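Okay, so here's the structure we're looking at.
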Amino acid sequence: MTDGVPILKIGSTLLVSIQIDLQDDTALRLQEDLAERITDTGARGVIIDISGLEIVDSFIGRMLASIAGISHVLDATTVVVGMRPAVAITMVELGLSLGDVRTALDVERALALLAPVEQFPEDVLLGAVEREEG
Amino acid sequence: MSAPTTTVEHVPIRTDSDVVKVRQLVRALAQQARLSLVDQTKLVTAASELARNTLVYGGGGDAEVQLAVDGVRTGVRAVFKDDGPGIPDLDLALTDGWTSGSGLGLGLSGSRRLVQHFAIDTAPGAGTRVEIATWSR
């Protein structure tokens with residue numbers, strides 16, 4: 001059994017930095033741990049840093065896509081950051097698409113991407129739109 | 001293809017952690033063979049897909065990985081063998097998106113695109129053997 005991947009919380013964002021060569025069962029555990037942490041903390045954003053990953057094969061690609069899907073259902077946005085150029089080239093050639101997963105070049109950009117979500121919760125934004133239209 | 005000039009490393013594939021072992025071994029040899037970073041990444045990714053196939057569909061098996069020399073070129077060759085059920089319709093199995101299980105159906109077809117040499121030998125009930133190789137350019 002390997003150690004799990006640590007999940008850090010910054011404000012209403014969860015940050016996961018994958019620094020190890022992910023074994024399939026570790027990837028599955030991360031998926032479950034993240035779902036639990038999102039509901040426990042009410043996080044609105046999840047940032048997954050994969051700069052430590054030397055490859056993204058179909059299993060890891062599928063894990064990233066399902067984490068994004070699960071967090072979406074739990075009302076959080078997932079952003080994958082730090083993909084190495086060689087990994088991006090390989091993924092495209094493999095035929096793997098991350099689907100609706102949002103990506104950013106680094107954690108800083110991902111935080112900026114998630115900032116509107118953090119500062120203006122959706123109901124506030126919707127309320128503002130309704131007031132303007134009304 | 002020329003005769004192997006280096007020792008073959010055997011990795012039994014029985015668990016998830018063995019798939020990681022195969023990846024790490026292929027990566028180390030790819031660096032020794034001086035493959036470009038993109039070629040290394042493609043080869044390791046293909047090896048990862050095939051090792052997982054061996055585990056999931058073949059019910060476990062073996063990987064044989066070696067540094068290969070062909071004239072002035074160096075490369076890495078990897079063979080994945082299992083005694084599983086084999087693949088009844090190979091053309092279908094090599095089609096993007098086709099899957100017999102819960103995967104994405106990219107393992108075989110995708111890994112074929114990632115390497116320079118790809119050969120597969122399989123028959124129903126006779127197991128599966130996949131050989132891949134990539135050479136320095």
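Residue names in the structure tokens use chain letters A, B, ... in the order shown, residue numbers from 1 in each chain, and ligand numbers from 1 in the order shown.
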Could I get the residues of chain A with an atom no further than 8 Å from an atom of chain B, each paired with its nearest atom pair and that distance in Å to one decimal, using only C-alpha atoms, sorted by chain and residue number, as CSV?
```
residue,atom,partner,partner_atom,distance
A:Asp21,CA,B:Val20,CA,6.9
A:Leu22,CA,B:Val20,CA,7.6
A:Gln23,CA,B:Asp16,CA,5.9
A:Asp24,CA,B:Asp16,CA,6.0
A:Asp25,CA,B:Asp16,CA,7.0
A:Glu54,CA,B:Thr41,CA,7.0
A:Ile55,CA,B:Thr45,CA,6.0
A:Val56,CA,B:Thr45,CA,7.1
A:Asp57,CA,B:Thr45,CA,5.6
A:Ser58,CA,B:Leu104,CA,7.0
A:Phe59,CA,B:Gly103,CA,7.8
A:Arg62,CA,B:Leu104,CA,7.9
A:Ala86,CA,B:Val38,CA,4.9
A:Val87,CA,B:Thr41,CA,6.6
A:Ile89,CA,B:Val38,CA,7.5
A:Thr90,CA,B:Lys42,CA,5.5
A:Glu93,CA,B:Arg113,CA,6.8
A:Leu94,CA,B:Gly110,CA,4.4
A:Gly95,CA,B:Gly110,CA,6.3
A:Leu96,CA,B:Leu106,CA,7.7
```
Would you give me, as a PDB file with C-alpha atoms, in the first residue's frame, the residues in chain A that DSSP reads as strand (DSSP E or B)?
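So the final result, stored in out-v4.pdb, reads:
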```pdb
ATOM      1  CA  ILE A   7      -4.833  17.554  -0.336  1.00  0.00           C
ATOM      2  CA  LEU A   8      -4.203  21.151   0.802  1.00  0.00           C
ATOM      3  CA  LYS A   9      -6.907  23.752   1.409  1.00  0.00           C
ATOM      4  CA  ILE A  10      -6.402  27.417   0.512  1.00  0.00           C
ATOM      5  CA  THR A  13      -9.878  25.956  -3.067  1.00  0.00           C
ATOM      6  CA  LEU A  14      -8.363  22.505  -2.670  1.00  0.00           C
ATOM      7  CA  LEU A  15      -4.863  22.014  -4.037  1.00  0.00           C
ATOM      8  CA  VAL A  16      -3.424  18.648  -4.981  1.00  0.00           C
ATOM      9  CA  SER A  17       0.120  18.353  -6.212  1.00  0.00           C
ATOM     10  CA  GLY A  45     -12.403  24.989  -6.707  1.00  0.00           C
ATOM     11  CA  VAL A  46      -9.960  22.091  -7.118  1.00  0.00           C
ATOM     12  CA  ILE A  47      -6.495  22.615  -8.564  1.00  0.00           C
ATOM     13  CA  ILE A  48      -4.550  19.534  -9.605  1.00  0.00           C
ATOM     14  CA  ASP A  49      -0.878  20.168 -10.242  1.00  0.00           C
ATOM     15  CA  THR A  77     -14.592  23.665 -10.617  1.00  0.00           C
ATOM     16  CA  THR A  78     -11.478  21.616 -11.373  1.00  0.00           C
ATOM     17  CA  VAL A  79      -8.429  23.101 -13.044  1.00  0.00           C
ATOM     18  CA  VAL A  80      -5.504  20.903 -14.087  1.00  0.00           C
ATOM     19  CA  VAL A  81      -2.188  22.749 -14.142  1.00  0.00           C
ATOM     20  CA  ARG A 102     -10.204  23.157 -17.554  1.00  0.00           C
ATOM     21  CA  THR A 103      -6.463  23.633 -17.714  1.00  0.00           C
ATOM     22  CA  ALA A 104      -4.061  26.440 -16.823  1.00  0.00           C
TER      23      ALA A 104
END
```
Tell me, which residues of stretch 2-77 of chain A carry DSSP helix (DSSP H, G or I), written as a PDB file with C-alpha atoms, in the first residue's frame?
```pdb
ATOM      1  CA  ASP A  24      -3.714   2.989 -10.379  1.00  0.00           C
ATOM      2  CA  ASP A  25      -5.103   2.248  -6.907  1.00  0.00           C
ATOM      3  CA  THR A  26      -3.542   5.451  -5.511  1.00  0.00           C
ATOM      4  CA  ALA A  27      -5.259   7.406  -8.304  1.00  0.00           C
ATOM      5  CA  LEU A  28      -8.610   5.854  -7.421  1.00  0.00           C
ATOM      6  CA  ARG A  29      -8.101   6.676  -3.758  1.00  0.00           C
ATOM      7  CA  LEU A  30      -7.289  10.287  -4.595  1.00  0.00           C
ATOM      8  CA  GLN A  31     -10.568  10.498  -6.490  1.00  0.00           C
ATOM      9  CA  GLU A  32     -12.510   9.323  -3.422  1.00  0.00           C
ATOM     10  CA  ASP A  33     -10.512  11.461  -0.958  1.00  0.00           C
ATOM     11  CA  LEU A  34     -11.118  14.561  -3.075  1.00  0.00           C
ATOM     12  CA  ALA A  35     -14.873  13.982  -3.313  1.00  0.00           C
ATOM     13  CA  GLU A  36     -14.980  13.658   0.465  1.00  0.00           C
ATOM     14  CA  ARG A  37     -12.905  16.802   1.042  1.00  0.00           C
ATOM     15  CA  ILE A  38     -15.067  18.848  -1.335  1.00  0.00           C
ATOM     16  CA  THR A  39     -18.227  17.997   0.580  1.00  0.00           C
ATOM     17  CA  ASP A  40     -16.508  18.378   3.987  1.00  0.00           C
ATOM     18  CA  THR A  41     -15.084  21.809   3.195  1.00  0.00           C
ATOM     19  CA  SER A  58      -5.367   6.698 -20.462  1.00  0.00           C
ATOM     20  CA  PHE A  59      -5.930   5.644 -16.854  1.00  0.00           C
ATOM     21  CA  ILE A  60      -4.592   8.859 -15.332  1.00  0.00           C
ATOM     22  CA  GLY A  61      -6.360  10.886 -18.035  1.00  0.00           C
ATOM     23  CA  ARG A  62      -9.613   9.196 -17.137  1.00  0.00           C
ATOM     24  CA  MET A  63      -8.970   9.883 -13.447  1.00  0.00           C
ATOM     25  CA  LEU A  64      -8.491  13.597 -14.161  1.00  0.00           C
ATOM     26  CA  ALA A  65     -11.690  13.693 -16.200  1.00  0.00           C
ATOM     27  CA  SER A  66     -13.687  11.889 -13.512  1.00  0.00           C
ATOM     28  CA  ILE A  67     -12.344  14.141 -10.749  1.00  0.00           C
ATOM     29  CA  ALA A  68     -13.538  17.105 -12.817  1.00  0.00           C
ATOM     30  CA  GLY A  69     -16.913  15.407 -13.334  1.00  0.00           C
ATOM     31  CA  ILE A  70     -17.326  14.511  -9.663  1.00  0.00           C
ATOM     32  CA  SER A  71     -16.360  17.986  -8.458  1.00  0.00           C
ATOM     33  CA  HIS A  72     -18.711  19.559 -10.986  1.00  0.00           C
ATOM     34  CA  VAL A  73     -21.595  17.564  -9.550  1.00  0.00           C
TER      35      VAL A  73
END
```
Measure the distance from atom CA of B:Ala133 to atom CA of B:His117 in Å and round it to one decimal.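 Between atom CA of B:Ala133 and atom CA of B:His117 the gap is 4.9 Å.
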Which of these residues is nearest to B:Phe118, using only C-alpha atoms: B:Leu90, B:Ala33, B:Val79, B:Val69? B:Val79
Interatomic distance, atom CA of A:Gly42 to atom CA of A:Ser12 (Å, one decimal):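 Spanning atom CA of A:Gly42 to atom CA of A:Ser12 is a straight-line distance of 7.1 Å.
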Can you work out the spacing between atom CA of B:Gly127 and atom CA of B:Asp70 in Å, to one decimal?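 Calculated distance between atom CA of B:Gly127 and atom CA of B:Asp70 is 28.9 Å.
Proximity to B:Thr134 was assessed for B:Val26, B:Leu94, B:Asp121, B:Lys81 counting only C-alpha atoms; the smallest distance is recorded for B:Val26.
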Can you pull out the residues contacting B:Ala126? Cut-off 7 Å, using only C-alpha atoms, and skip same-chain residues under 6 positions away; I want them as a PyMOL selection string. chain B and resi 83+85-86
Given the selection you just returned, output its residues as a file containing N, CA and C atoms, formatted as a PDB file, in the first residue's frame.
```
ATOM      1  N   ASP B  83      -0.775 -15.071 -20.764  1.00  0.00           N
ATOM      2  CA  ASP B  83      -1.423 -16.323 -21.171  1.00  0.00           C
ATOM      3  C   ASP B  83      -2.929 -16.197 -20.996  1.00  0.00           C
ATOM      4  N   PRO B  85      -6.882 -14.705 -22.285  1.00  0.00           N
ATOM      5  CA  PRO B  85      -7.845 -15.203 -23.279  1.00  0.00           C
ATOM      6  C   PRO B  85      -7.494 -14.844 -24.724  1.00  0.00           C
ATOM      7  N   GLY B  86      -6.502 -13.962 -24.919  1.00  0.00           N
ATOM      8  CA  GLY B  86      -6.180 -13.549 -26.276  1.00  0.00           C
ATOM      9  C   GLY B  86      -7.222 -12.582 -26.812  1.00  0.00           C
TER      10      GLY B  86
END
```
